[in-house]
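**Student:** So that you have it, the file is input.cif, and it contains mmCIF, N, CA and C atoms and all ligand atoms:
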data_my_file
loop_
_atom_site.label_atom_id
_atom_site.label_comp_id
_atom_site.auth_asym_id
_atom_site.auth_seq_id
_atom_site.Cartn_x
_atom_site.Cartn_y
_atom_site.Cartn_z
N MET A 25 -21.08 -11.81 8.49
CA MET A 25 -20.32 -10.62 8.82
C MET A 25 -20.42 -10.33 10.32
N VAL A 26 -19.41 -9.64 10.82
CA VAL A 26 -19.37 -9.31 12.24
C VAL A 26 -20.53 -8.40 12.62
N PHE A 27 -20.85 -7.45 11.78
CA PHE A 27 -21.81 -6.42 12.15
C PHE A 27 -23.16 -7.00 12.58
N GLU A 28 -23.66 -7.96 11.84
CA GLU A 28 -24.99 -8.49 12.15
C GLU A 28 -24.99 -9.25 13.46
N MET A 29 -23.82 -9.64 13.92
CA MET A 29 -23.76 -10.43 15.14
C MET A 29 -23.74 -9.56 16.40
N MET A 30 -23.51 -8.27 16.24
CA MET A 30 -23.39 -7.43 17.41
C MET A 30 -24.78 -7.00 17.91
N ASN A 31 -24.90 -6.82 19.23
CA ASN A 31 -26.14 -6.31 19.78
C ASN A 31 -26.36 -4.87 19.35
N SER A 32 -27.59 -4.46 19.26
CA SER A 32 -27.87 -3.09 18.88
C SER A 32 -27.44 -2.16 20.01
N ASN A 33 -27.10 -0.94 19.66
CA ASN A 33 -26.71 0.02 20.70
C ASN A 33 -27.72 1.16 20.72
N LEU A 34 -27.47 2.16 21.55
CA LEU A 34 -28.45 3.22 21.76
C LEU A 34 -28.13 4.48 20.97
N THR A 35 -27.16 4.43 20.11
CA THR A 35 -26.87 5.60 19.29
C THR A 35 -27.81 5.60 18.09
N ASN A 36 -27.75 6.67 17.31
CA ASN A 36 -28.61 6.72 16.14
C ASN A 36 -27.88 6.27 14.87
N GLU A 37 -26.94 5.36 15.04
CA GLU A 37 -26.28 4.77 13.88
C GLU A 37 -27.32 4.06 13.03
N PRO A 38 -27.19 4.14 11.71
CA PRO A 38 -28.15 3.47 10.85
C PRO A 38 -28.13 1.95 11.00
N ILE A 39 -26.97 1.40 11.18
CA ILE A 39 -26.89 -0.03 11.45
C ILE A 39 -25.99 -0.24 12.65
N SER A 40 -26.18 -1.34 13.32
CA SER A 40 -25.38 -1.62 14.50
C SER A 40 -24.04 -2.18 14.09
N LYS A 41 -22.97 -1.62 14.64
CA LYS A 41 -21.64 -2.11 14.30
C LYS A 41 -20.68 -1.72 15.42
N PRO A 42 -19.62 -2.48 15.58
CA PRO A 42 -18.63 -2.10 16.58
C PRO A 42 -17.90 -0.84 16.14
N LYS A 43 -17.50 -0.02 17.10
CA LYS A 43 -16.77 1.21 16.79
C LYS A 43 -15.29 1.00 17.11
N THR A 44 -14.44 1.59 16.27
CA THR A 44 -13.02 1.43 16.51
C THR A 44 -12.54 2.37 17.62
N GLY A 45 -13.18 3.54 17.79
CA GLY A 45 -12.69 4.52 18.74
C GLY A 45 -11.39 5.17 18.31
N LEU A 46 -11.12 5.16 17.00
CA LEU A 46 -9.88 5.72 16.48
C LEU A 46 -10.16 7.00 15.70
N LEU A 47 -9.11 7.78 15.42
CA LEU A 47 -9.21 9.00 14.63
C LEU A 47 -9.16 8.65 13.14
N GLY A 48 -9.95 9.35 12.37
CA GLY A 48 -9.90 9.13 10.93
C GLY A 48 -11.26 8.82 10.37
N PRO A 49 -11.33 8.30 9.17
CA PRO A 49 -10.22 7.78 8.37
C PRO A 49 -9.44 8.85 7.59
N TYR A 50 -8.21 8.49 7.26
CA TYR A 50 -7.33 9.28 6.42
C TYR A 50 -6.81 8.40 5.29
N ARG A 51 -6.34 9.04 4.22
CA ARG A 51 -5.80 8.27 3.10
C ARG A 51 -4.45 7.67 3.50
N LEU A 52 -4.26 6.42 3.10
CA LEU A 52 -3.00 5.73 3.41
C LEU A 52 -1.98 6.08 2.33
N ASP A 53 -1.50 7.33 2.38
CA ASP A 53 -0.41 7.75 1.50
C ASP A 53 0.47 8.73 2.29
N VAL A 54 1.55 9.17 1.68
CA VAL A 54 2.53 9.99 2.41
C VAL A 54 1.88 11.27 2.95
N ASP A 55 1.06 11.93 2.12
CA ASP A 55 0.42 13.18 2.56
C ASP A 55 -0.59 12.91 3.67
N GLY A 56 -1.39 11.85 3.50
CA GLY A 56 -2.41 11.54 4.50
C GLY A 56 -1.80 11.23 5.85
N ILE A 57 -0.74 10.46 5.84
CA ILE A 57 -0.07 10.09 7.09
C ILE A 57 0.61 11.32 7.69
N GLY A 58 1.30 12.10 6.83
CA GLY A 58 2.04 13.26 7.31
C GLY A 58 1.15 14.32 7.94
N SER A 59 -0.03 14.53 7.36
CA SER A 59 -0.91 15.57 7.92
C SER A 59 -1.70 15.07 9.12
N ALA A 60 -1.92 13.77 9.22
CA ALA A 60 -2.74 13.25 10.33
C ALA A 60 -1.92 12.96 11.57
N VAL A 61 -0.76 12.35 11.40
CA VAL A 61 0.04 11.89 12.54
C VAL A 61 1.19 12.86 12.76
N ARG A 62 1.03 13.76 13.74
CA ARG A 62 1.99 14.84 13.91
C ARG A 62 2.98 14.60 15.02
N ARG A 63 2.89 13.48 15.69
CA ARG A 63 3.78 13.22 16.82
C ARG A 63 4.36 11.82 16.66
N ARG A 64 5.61 11.63 17.03
CA ARG A 64 6.24 10.31 16.96
C ARG A 64 5.94 9.57 18.26
N GLY A 65 5.48 8.33 18.14
CA GLY A 65 5.22 7.57 19.35
C GLY A 65 4.50 6.29 19.04
N PRO A 66 4.24 5.49 20.10
CA PRO A 66 3.53 4.23 19.91
C PRO A 66 2.07 4.50 19.54
N GLY A 67 1.47 3.54 18.87
CA GLY A 67 0.07 3.72 18.51
C GLY A 67 -0.53 2.47 17.90
N THR A 68 -1.84 2.54 17.72
CA THR A 68 -2.59 1.44 17.14
C THR A 68 -3.31 1.97 15.91
N TYR A 69 -3.43 1.14 14.88
CA TYR A 69 -4.10 1.61 13.67
C TYR A 69 -4.90 0.48 13.04
N VAL A 70 -5.85 0.87 12.21
CA VAL A 70 -6.53 -0.10 11.35
C VAL A 70 -6.39 0.37 9.91
N LEU A 71 -6.37 -0.58 8.99
CA LEU A 71 -6.39 -0.29 7.56
C LEU A 71 -7.71 -0.80 7.02
N GLY A 72 -8.26 -0.10 6.02
CA GLY A 72 -9.51 -0.56 5.45
C GLY A 72 -10.04 0.38 4.40
N TYR A 73 -11.36 0.33 4.22
CA TYR A 73 -12.00 1.17 3.20
C TYR A 73 -13.39 1.56 3.71
N GLN A 74 -14.00 2.51 3.00
CA GLN A 74 -15.30 3.02 3.39
C GLN A 74 -16.28 2.81 2.25
N ASP A 75 -17.52 2.44 2.58
CA ASP A 75 -18.52 2.30 1.51
C ASP A 75 -19.27 3.62 1.34
N PHE A 76 -20.30 3.64 0.51
CA PHE A 76 -21.00 4.89 0.20
C PHE A 76 -21.82 5.41 1.38
N HIS A 77 -22.03 4.57 2.39
CA HIS A 77 -22.73 5.03 3.58
C HIS A 77 -21.75 5.45 4.67
N SER A 78 -20.48 5.62 4.29
CA SER A 78 -19.42 5.99 5.24
C SER A 78 -19.22 4.95 6.33
N THR A 79 -19.59 3.73 6.05
CA THR A 79 -19.27 2.64 6.97
C THR A 79 -17.84 2.20 6.69
N PHE A 80 -17.05 2.16 7.76
CA PHE A 80 -15.65 1.79 7.60
C PHE A 80 -15.48 0.28 7.82
N PHE A 81 -14.81 -0.37 6.90
CA PHE A 81 -14.57 -1.80 6.99
C PHE A 81 -13.10 -2.05 7.33
N VAL A 82 -12.88 -2.76 8.41
CA VAL A 82 -11.52 -3.01 8.89
C VAL A 82 -10.95 -4.26 8.24
N ASN A 83 -9.86 -4.08 7.50
CA ASN A 83 -9.17 -5.23 6.89
C ASN A 83 -8.01 -5.73 7.74
N TYR A 84 -7.42 -4.81 8.50
CA TYR A 84 -6.19 -5.15 9.22
C TYR A 84 -6.06 -4.25 10.44
N VAL A 85 -5.60 -4.81 11.54
CA VAL A 85 -5.28 -3.99 12.71
C VAL A 85 -3.80 -4.18 13.03
N GLY A 86 -3.10 -3.08 13.28
CA GLY A 86 -1.67 -3.14 13.57
C GLY A 86 -1.30 -2.20 14.69
N ARG A 87 -0.05 -2.28 15.08
CA ARG A 87 0.43 -1.41 16.15
C ARG A 87 1.89 -1.09 15.89
N SER A 88 2.30 0.06 16.38
CA SER A 88 3.71 0.42 16.35
C SER A 88 4.15 0.67 17.79
N ASP A 89 5.30 0.10 18.17
CA ASP A 89 5.79 0.28 19.53
C ASP A 89 6.60 1.56 19.70
N ARG A 90 7.03 2.18 18.59
CA ARG A 90 7.87 3.38 18.70
C ARG A 90 7.42 4.54 17.82
N ASP A 91 7.05 4.24 16.58
CA ASP A 91 6.83 5.31 15.60
C ASP A 91 5.69 4.93 14.67
N LEU A 92 4.49 5.34 15.06
CA LEU A 92 3.30 4.95 14.31
C LEU A 92 3.36 5.39 12.84
N ALA A 93 3.79 6.63 12.60
CA ALA A 93 3.81 7.14 11.23
C ALA A 93 4.74 6.31 10.34
N ALA A 94 5.89 5.93 10.87
CA ALA A 94 6.84 5.13 10.10
C ALA A 94 6.24 3.77 9.75
N ASP A 95 5.53 3.19 10.71
CA ASP A 95 4.90 1.90 10.46
C ASP A 95 3.82 2.02 9.38
N LEU A 96 3.02 3.09 9.47
CA LEU A 96 1.98 3.30 8.46
C LEU A 96 2.59 3.49 7.08
N LYS A 97 3.70 4.23 7.01
CA LYS A 97 4.33 4.46 5.70
C LYS A 97 4.78 3.15 5.07
N SER A 98 5.20 2.20 5.91
CA SER A 98 5.62 0.91 5.37
C SER A 98 4.43 0.11 4.84
N ARG A 99 3.21 0.54 5.14
CA ARG A 99 1.99 -0.17 4.69
C ARG A 99 1.36 0.48 3.47
N ILE A 100 1.91 1.59 3.00
CA ILE A 100 1.32 2.28 1.85
C ILE A 100 1.25 1.30 0.68
N GLY A 101 0.08 1.29 0.02
CA GLY A 101 -0.12 0.38 -1.10
C GLY A 101 -0.87 -0.88 -0.72
N SER A 102 -0.94 -1.16 0.58
CA SER A 102 -1.62 -2.38 1.02
C SER A 102 -3.11 -2.15 1.24
N ASP A 103 -3.54 -0.88 1.37
CA ASP A 103 -4.96 -0.59 1.56
C ASP A 103 -5.21 0.87 1.23
N ILE A 104 -6.46 1.34 1.40
CA ILE A 104 -6.85 2.67 0.94
C ILE A 104 -6.82 3.70 2.05
N LEU A 105 -7.40 3.34 3.20
CA LEU A 105 -7.57 4.29 4.29
C LEU A 105 -6.99 3.74 5.58
N PHE A 106 -6.75 4.64 6.55
CA PHE A 106 -6.35 4.18 7.87
C PHE A 106 -7.03 5.03 8.93
N LYS A 107 -7.15 4.47 10.11
CA LYS A 107 -7.53 5.19 11.33
C LYS A 107 -6.46 4.89 12.36
N TYR A 108 -6.32 5.76 13.36
CA TYR A 108 -5.24 5.53 14.31
C TYR A 108 -5.52 6.18 15.65
N VAL A 109 -4.73 5.80 16.64
CA VAL A 109 -4.65 6.52 17.91
C VAL A 109 -3.22 6.40 18.42
N LEU A 110 -2.71 7.50 18.98
CA LEU A 110 -1.37 7.49 19.57
C LEU A 110 -1.48 7.27 21.07
N TYR A 111 -0.49 6.59 21.64
CA TYR A 111 -0.45 6.36 23.09
C TYR A 111 0.90 6.78 23.62
N SER A 112 1.02 6.81 24.95
CA SER A 112 2.33 7.14 25.53
C SER A 112 3.15 5.89 25.78
N THR A 113 2.52 4.70 25.80
CA THR A 113 3.29 3.48 26.01
C THR A 113 2.88 2.41 25.00
N PRO A 114 3.82 1.52 24.63
CA PRO A 114 3.49 0.42 23.73
C PRO A 114 2.47 -0.55 24.32
N LEU A 115 2.43 -0.67 25.65
CA LEU A 115 1.46 -1.57 26.27
C LEU A 115 0.02 -1.12 25.97
N GLU A 116 -0.23 0.20 26.07
CA GLU A 116 -1.56 0.70 25.75
C GLU A 116 -1.91 0.40 24.29
N ALA A 117 -0.93 0.53 23.41
CA ALA A 117 -1.16 0.23 21.98
C ALA A 117 -1.47 -1.25 21.79
N PHE A 118 -0.80 -2.12 22.52
CA PHE A 118 -1.05 -3.56 22.44
C PHE A 118 -2.46 -3.90 22.91
N VAL A 119 -2.87 -3.31 24.04
CA VAL A 119 -4.21 -3.58 24.59
C VAL A 119 -5.29 -3.17 23.58
N LYS A 120 -5.10 -2.00 22.97
CA LYS A 120 -6.07 -1.53 21.97
C LYS A 120 -6.05 -2.44 20.74
N GLN A 121 -4.88 -2.86 20.33
CA GLN A 121 -4.76 -3.74 19.17
C GLN A 121 -5.51 -5.05 19.43
N CYS A 122 -5.37 -5.61 20.63
CA CYS A 122 -6.07 -6.85 20.98
C CYS A 122 -7.58 -6.63 20.96
N GLU A 123 -8.02 -5.52 21.53
CA GLU A 123 -9.46 -5.22 21.57
C GLU A 123 -10.03 -5.18 20.14
N LEU A 124 -9.32 -4.49 19.25
CA LEU A 124 -9.81 -4.37 17.87
C LEU A 124 -9.73 -5.71 17.14
N PHE A 125 -8.69 -6.46 17.41
CA PHE A 125 -8.55 -7.79 16.80
C PHE A 125 -9.74 -8.68 17.14
N HIS A 126 -10.14 -8.67 18.41
CA HIS A 126 -11.25 -9.54 18.82
C HIS A 126 -12.61 -8.98 18.41
N SER A 127 -12.72 -7.66 18.27
CA SER A 127 -14.00 -7.06 17.87
C SER A 127 -14.27 -7.22 16.39
N PHE A 128 -13.22 -7.10 15.56
CA PHE A 128 -13.43 -7.02 14.12
C PHE A 128 -12.98 -8.26 13.35
N HIS A 129 -12.16 -9.10 13.94
CA HIS A 129 -11.64 -10.28 13.23
C HIS A 129 -11.16 -9.89 11.83
N PRO A 130 -10.23 -8.93 11.72
CA PRO A 130 -9.83 -8.45 10.39
C PRO A 130 -9.27 -9.60 9.55
N ARG A 131 -9.68 -9.63 8.29
CA ARG A 131 -9.34 -10.77 7.45
C ARG A 131 -7.84 -10.85 7.16
N ALA A 132 -7.13 -9.72 7.22
CA ALA A 132 -5.70 -9.75 6.93
C ALA A 132 -4.85 -10.07 8.16
N ASN A 133 -5.47 -10.20 9.32
CA ASN A 133 -4.73 -10.62 10.51
C ASN A 133 -4.87 -12.12 10.68
N VAL A 134 -3.87 -12.84 10.24
CA VAL A 134 -3.91 -14.30 10.34
C VAL A 134 -3.65 -14.73 11.78
N LEU A 135 -2.72 -14.07 12.44
CA LEU A 135 -2.32 -14.44 13.78
C LEU A 135 -2.77 -13.41 14.81
N HIS A 136 -2.90 -13.85 16.05
CA HIS A 136 -3.19 -12.96 17.17
C HIS A 136 -2.05 -11.95 17.31
N PRO A 137 -2.36 -10.71 17.72
CA PRO A 137 -1.28 -9.73 17.97
C PRO A 137 -0.23 -10.30 18.93
N THR A 138 1.02 -9.97 18.68
CA THR A 138 2.10 -10.48 19.52
C THR A 138 2.60 -9.36 20.44
N ARG A 139 2.99 -9.77 21.65
CA ARG A 139 3.51 -8.79 22.60
C ARG A 139 4.92 -8.39 22.20
N LEU A 140 5.35 -7.26 22.74
CA LEU A 140 6.70 -6.77 22.51
C LEU A 140 7.70 -7.72 23.16
N ASP A 141 8.78 -8.04 22.46
CA ASP A 141 9.81 -8.92 23.01
C ASP A 141 10.29 -8.40 24.36
N GLY A 142 10.49 -9.30 25.30
CA GLY A 142 11.01 -8.91 26.60
C GLY A 142 9.95 -8.49 27.59
N THR A 143 8.68 -8.55 27.21
CA THR A 143 7.59 -8.20 28.13
C THR A 143 6.79 -9.46 28.45
N ASN A 144 5.93 -9.36 29.46
CA ASN A 144 5.06 -10.48 29.81
C ASN A 144 3.59 -10.12 29.60
N TRP A 145 3.32 -9.23 28.66
CA TRP A 145 1.95 -8.80 28.38
C TRP A 145 1.07 -9.99 28.01
N ARG A 146 -0.18 -9.88 28.40
CA ARG A 146 -1.19 -10.86 27.98
C ARG A 146 -2.39 -10.12 27.42
N CYS A 147 -3.01 -10.73 26.44
CA CYS A 147 -4.22 -10.14 25.86
C CYS A 147 -5.30 -10.06 26.93
N PRO A 148 -5.91 -8.88 27.14
CA PRO A 148 -6.96 -8.75 28.15
C PRO A 148 -8.24 -9.49 27.76
N SER A 149 -8.40 -9.81 26.49
CA SER A 149 -9.62 -10.48 26.04
C SER A 149 -9.54 -11.99 26.16
N CYS A 150 -8.42 -12.57 25.75
CA CYS A 150 -8.34 -14.04 25.70
C CYS A 150 -7.18 -14.61 26.51
N GLY A 151 -6.31 -13.75 27.05
CA GLY A 151 -5.20 -14.24 27.86
C GLY A 151 -3.99 -14.66 27.05
N SER A 152 -4.10 -14.61 25.73
CA SER A 152 -2.99 -15.01 24.86
C SER A 152 -1.77 -14.14 25.13
N LYS A 153 -0.56 -14.72 25.01
CA LYS A 153 0.64 -13.91 25.21
C LYS A 153 1.52 -13.86 23.98
ZN ZN B 1 -6.65 -12.15 22.54
#
Would you mind giving the structure from this file in structure tokens?
**Tutor:**
Amino acid sequence: MVFEMMNSNLTNEPISKPKTGLLGPYRLDVDGIGSAVRRRGPGTYVLGYQDFHSTFFVNYVGRSDRDLAADLKSRIGSDILFKYVLYSTPLEAFVKQCELFHSFHPRANVLHPTRLDGTNWRCPSCGSK
């Protein structure tokens, strides 16, 4: 597992694990999305579940270039919970998506995140485009 491979940090977390830096978790359903995401815009999200110690396990990391809530709604049924962050530009959402992809290696992400068509973005972690 990823968690055991990470260096310990200085917080009082019970076990050492990477942090997503996202808001949530919230339930991945219409009400959960509607009450959590109140603004239309680009964003980054993870899907996953929580164990009894409130440790969140990331199954998938995604991004929306225009409307995060709409993208999350299209994922309803694929997982239990989500976390998210909204940005003002799709590039910021892409950078965060790449960071989470490399930190968590989510099992449902077969391919590296792809840049928005018509841009020359590169992953800040590995240089992939
Ligand atoms: Zn990369």
**Student:** Taking only N, CA and C atoms and all ligand atoms into account, list the residues no farther than 6 Å from ligand ZN 1 (chain B), as a list in words.
**Tutor:**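 Result of the 6 Å neighbour search around ligand ZN 1 (chain B): Cys122, Cys147, Pro148, Ser149, Cys150, Gly151 and Ser152 of chain A.
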**Student:** Select, from A:Val82, A:Pro137, A:Gly45, A:Asp53, the residue with the minimum atom-to-atom distance to Phe118 (chain A), counting all atoms listed in the file.
**Tutor:**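 Among the listed residues, the smallest separation from Phe118 (chain A) belongs to A:Pro137.
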**Student:** Got a sec: who's within 5 Å of region 87-90 of chain A, counting all atoms listed in the file, leaving out chain neighbours fewer than 5 positions off, as an NGL selection string?
**Tutor:** :A and (65-69 or 114)
**Student:** From the DSSP assignment of the backbone, select every residue of chain A that is alpha helix (DSSP H), and format the answer as a VMD selection string.
**Tutor:** chain A and resid 26 to 29 54 to 60 92 to 97 114 to 128
**Student:** If you keep N, CA and C atoms, can you produce a file of those selected residues as a compact mmCIF listing (two decimals), in the frame of the given file?
**Tutor:**
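Okay, this is what ended up in out_10.txt:
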# COMPACT_ATOMS: atom_id res chain seq x y z
N VAL A 26 -19.41 -9.64 10.82
CA VAL A 26 -19.37 -9.31 12.24
C VAL A 26 -20.53 -8.40 12.62
N PHE A 27 -20.85 -7.45 11.78
CA PHE A 27 -21.81 -6.42 12.15
C PHE A 27 -23.16 -7.00 12.58
N GLU A 28 -23.66 -7.96 11.84
CA GLU A 28 -24.99 -8.49 12.15
C GLU A 28 -24.99 -9.25 13.46
N MET A 29 -23.82 -9.64 13.92
CA MET A 29 -23.76 -10.43 15.14
C MET A 29 -23.74 -9.56 16.40
N VAL A 54 1.55 9.17 1.68
CA VAL A 54 2.53 9.99 2.41
C VAL A 54 1.88 11.27 2.95
N ASP A 55 1.06 11.93 2.12
CA ASP A 55 0.42 13.18 2.56
C ASP A 55 -0.59 12.91 3.67
N GLY A 56 -1.39 11.85 3.50
CA GLY A 56 -2.41 11.54 4.50
C GLY A 56 -1.80 11.23 5.85
N ILE A 57 -0.74 10.46 5.84
CA ILE A 57 -0.07 10.09 7.09
C ILE A 57 0.61 11.32 7.69
N GLY A 58 1.30 12.10 6.83
CA GLY A 58 2.04 13.26 7.31
C GLY A 58 1.15 14.32 7.94
N SER A 59 -0.03 14.53 7.36
CA SER A 59 -0.91 15.57 7.92
C SER A 59 -1.70 15.07 9.12
N ALA A 60 -1.92 13.77 9.22
CA ALA A 60 -2.74 13.25 10.33
C ALA A 60 -1.92 12.96 11.57
N LEU A 92 4.49 5.34 15.06
CA LEU A 92 3.30 4.95 14.31
C LEU A 92 3.36 5.39 12.84
N ALA A 93 3.79 6.63 12.60
CA ALA A 93 3.81 7.14 11.23
C ALA A 93 4.74 6.31 10.34
N ALA A 94 5.89 5.93 10.87
CA ALA A 94 6.84 5.13 10.10
C ALA A 94 6.24 3.77 9.75
N ASP A 95 5.53 3.19 10.71
CA ASP A 95 4.90 1.90 10.46
C ASP A 95 3.82 2.02 9.38
N LEU A 96 3.02 3.09 9.47
CA LEU A 96 1.98 3.30 8.46
C LEU A 96 2.59 3.49 7.08
N LYS A 97 3.70 4.23 7.01
CA LYS A 97 4.33 4.46 5.70
C LYS A 97 4.78 3.15 5.07
N PRO A 114 3.82 1.52 24.63
CA PRO A 114 3.49 0.42 23.73
C PRO A 114 2.47 -0.55 24.32
N LEU A 115 2.43 -0.67 25.65
CA LEU A 115 1.46 -1.57 26.27
C LEU A 115 0.02 -1.12 25.97
N GLU A 116 -0.23 0.20 26.07
CA GLU A 116 -1.56 0.70 25.75
C GLU A 116 -1.91 0.40 24.29
N ALA A 117 -0.93 0.53 23.41
CA ALA A 117 -1.16 0.23 21.98
C ALA A 117 -1.47 -1.25 21.79
N PHE A 118 -0.80 -2.12 22.52
CA PHE A 118 -1.05 -3.56 22.44
C PHE A 118 -2.46 -3.90 22.91
N VAL A 119 -2.87 -3.31 24.04
CA VAL A 119 -4.21 -3.58 24.59
C VAL A 119 -5.29 -3.17 23.58
N LYS A 120 -5.10 -2.00 22.97
CA LYS A 120 -6.07 -1.53 21.97
C LYS A 120 -6.05 -2.44 20.74
N GLN A 121 -4.88 -2.86 20.33
CA GLN A 121 -4.76 -3.74 19.17
C GLN A 121 -5.51 -5.05 19.43
N CYS A 122 -5.37 -5.61 20.63
CA CYS A 122 -6.07 -6.85 20.98
C CYS A 122 -7.58 -6.63 20.96
N GLU A 123 -8.02 -5.52 21.53
CA GLU A 123 -9.46 -5.22 21.57
C GLU A 123 -10.03 -5.18 20.14
N LEU A 124 -9.32 -4.49 19.25
CA LEU A 124 -9.81 -4.37 17.87
C LEU A 124 -9.73 -5.71 17.14
N PHE A 125 -8.69 -6.46 17.41
CA PHE A 125 -8.55 -7.79 16.80
C PHE A 125 -9.74 -8.68 17.14
N HIS A 126 -10.14 -8.67 18.41
CA HIS A 126 -11.25 -9.54 18.82
C HIS A 126 -12.61 -8.98 18.41
N SER A 127 -12.72 -7.66 18.27
CA SER A 127 -14.00 -7.06 17.87
C SER A 127 -14.27 -7.22 16.39
N PHE A 128 -13.22 -7.10 15.56
CA PHE A 128 -13.43 -7.02 14.12
C PHE A 128 -12.98 -8.26 13.35
**Student:** Please list as a VMD selection string every residue within 12 Å of Val134 (chain A), counting only C-alpha atoms and excluding residues in the same chain fewer than 6 positions away.
**Tutor:** chain A and resid 83 to 86 125
**Student:** Give as a list in words every residue, naming chains and numbers as the document does, that has an atom within 10 Å of (-3.3, 11.0, 9.1), counting only C-alpha atoms.
**Tutor:**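 Counting only C-alpha atoms, I find these residues within 10 Å of (-3.3, 11.0, 9.1): Leu47, Gly48, Pro49, Tyr50, Arg51, Leu52, Asp53, Val54, Asp55, Gly56, Ile57, Gly58, Ser59, Ala60, Val61, Arg62, Ala93, Leu96, Leu105, Phe106, Lys107, Tyr108 and Val109 of chain A.
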**Student:** Under the rule that all atoms listed in the file are counted, which of A:Phe81, A:Ser102, A:Lys43, A:Leu110 is the nearest residue to Arg63 (chain A)?
**Tutor:**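 That would be A:Leu110, the residue with the smallest distance to Arg63 (chain A).
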**Student:** Using DSSP on the backbone, list every residue of chain A that comes out as strand (DSSP E), and give them as a CSV table (one decimal) with N, CA and C atoms, keeping the file's coordinate frame.
**Tutor:**
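Printed below is result-v1.csv as written:
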chain,number,residue,atom,x,y,z
A,47,LEU,N,-9.1,7.8,15.4
A,47,LEU,CA,-9.2,9.0,14.6
A,47,LEU,C,-9.2,8.6,13.1
A,48,GLY,N,-10.0,9.4,12.4
A,48,GLY,CA,-9.9,9.1,10.9
A,48,GLY,C,-11.3,8.8,10.4
A,49,PRO,N,-11.3,8.3,9.2
A,49,PRO,CA,-10.2,7.8,8.4
A,49,PRO,C,-9.4,8.8,7.6
A,50,TYR,N,-8.2,8.5,7.3
A,50,TYR,CA,-7.3,9.3,6.4
A,50,TYR,C,-6.8,8.4,5.3
A,51,ARG,N,-6.3,9.0,4.2
A,51,ARG,CA,-5.8,8.3,3.1
A,51,ARG,C,-4.4,7.7,3.5
A,67,GLY,N,1.5,3.5,18.9
A,67,GLY,CA,0.1,3.7,18.5
A,67,GLY,C,-0.5,2.5,17.9
A,68,THR,N,-1.8,2.5,17.7
A,68,THR,CA,-2.6,1.4,17.1
A,68,THR,C,-3.3,2.0,15.9
A,69,TYR,N,-3.4,1.1,14.9
A,69,TYR,CA,-4.1,1.6,13.7
A,69,TYR,C,-4.9,0.5,13.0
A,70,VAL,N,-5.8,0.9,12.2
A,70,VAL,CA,-6.5,-0.1,11.4
A,70,VAL,C,-6.4,0.4,9.9
A,71,LEU,N,-6.4,-0.6,9.0
A,71,LEU,CA,-6.4,-0.3,7.6
A,71,LEU,C,-7.7,-0.8,7.0
A,72,GLY,N,-8.3,-0.1,6.0
A,72,GLY,CA,-9.5,-0.6,5.4
A,72,GLY,C,-10.0,0.4,4.4
A,73,TYR,N,-11.4,0.3,4.2
A,73,TYR,CA,-12.0,1.2,3.2
A,73,TYR,C,-13.4,1.6,3.7
A,74,GLN,N,-14.0,2.5,3.0
A,74,GLN,CA,-15.3,3.0,3.4
A,74,GLN,C,-16.3,2.8,2.2
A,80,PHE,N,-17.0,2.2,7.8
A,80,PHE,CA,-15.6,1.8,7.6
A,80,PHE,C,-15.5,0.3,7.8
A,81,PHE,N,-14.8,-0.4,6.9
A,81,PHE,CA,-14.6,-1.8,7.0
A,81,PHE,C,-13.1,-2.0,7.3
A,82,VAL,N,-12.9,-2.8,8.4
A,82,VAL,CA,-11.5,-3.0,8.9
A,82,VAL,C,-11.0,-4.3,8.2
A,83,ASN,N,-9.9,-4.1,7.5
A,83,ASN,CA,-9.2,-5.2,6.9
A,83,ASN,C,-8.0,-5.7,7.7
A,84,TYR,N,-7.4,-4.8,8.5
A,84,TYR,CA,-6.2,-5.2,9.2
A,84,TYR,C,-6.1,-4.2,10.4
A,85,VAL,N,-5.6,-4.8,11.5
A,85,VAL,CA,-5.3,-4.0,12.7
A,85,VAL,C,-3.8,-4.2,13.0
A,86,GLY,N,-3.1,-3.1,13.3
A,86,GLY,CA,-1.7,-3.1,13.6
A,86,GLY,C,-1.3,-2.2,14.7
A,87,ARG,N,0.0,-2.3,15.1
A,87,ARG,CA,0.4,-1.4,16.2
A,87,ARG,C,1.9,-1.1,15.9
A,88,SER,N,2.3,0.1,16.4
A,88,SER,CA,3.7,0.4,16.4
A,88,SER,C,4.2,0.7,17.8
A,105,LEU,N,-7.4,3.3,3.2
A,105,LEU,CA,-7.6,4.3,4.3
A,105,LEU,C,-7.0,3.7,5.6
A,106,PHE,N,-6.8,4.6,6.6
A,106,PHE,CA,-6.4,4.2,7.9
A,106,PHE,C,-7.0,5.0,8.9
A,107,LYS,N,-7.2,4.5,10.1
A,107,LYS,CA,-7.5,5.2,11.3
A,107,LYS,C,-6.5,4.9,12.4
A,108,TYR,N,-6.3,5.8,13.4
A,108,TYR,CA,-5.2,5.5,14.3
A,108,TYR,C,-5.5,6.2,15.6
A,109,VAL,N,-4.7,5.8,16.6
A,109,VAL,CA,-4.6,6.5,17.9
A,109,VAL,C,-3.2,6.4,18.4
A,110,LEU,N,-2.7,7.5,19.0
A,110,LEU,CA,-1.4,7.5,19.6
A,110,LEU,C,-1.5,7.3,21.1
**Student:** Between A:Phe80, A:Arg146, A:Leu92, A:Thr44, which one has atoms that come closest to Val119 (chain A), using only C-alpha atoms?
**Tutor:**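 Going through A:Phe80, A:Arg146, A:Leu92, A:Thr44 one by one, the smallest distance to Val119 (chain A) is for A:Arg146.
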**Student:** To one decimal in Å, tell me the separation between CA of Gly142 (chain A) and CA of Tyr111 (chain A).
**Tutor:**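 Interatomic distance, CA of Gly142 (chain A) to CA of Tyr111 (chain A): 19.4 Å.
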**Student:** Report the distance between atom N of Asp103 (chain A) and atom C of His126 (chain A) in Å, rounded to one decimal place.
**Tutor:**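 Those two atoms sit 20.9 Å apart.
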**Student:** From the set A:Val70, A:Leu115, A:Ile104, A:Leu135, which residue has the shortest atom-to-atom contact distance to Leu46 (chain A), counting only N, CA and C atoms?
**Tutor:**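 Closest candidate: A:Val70.
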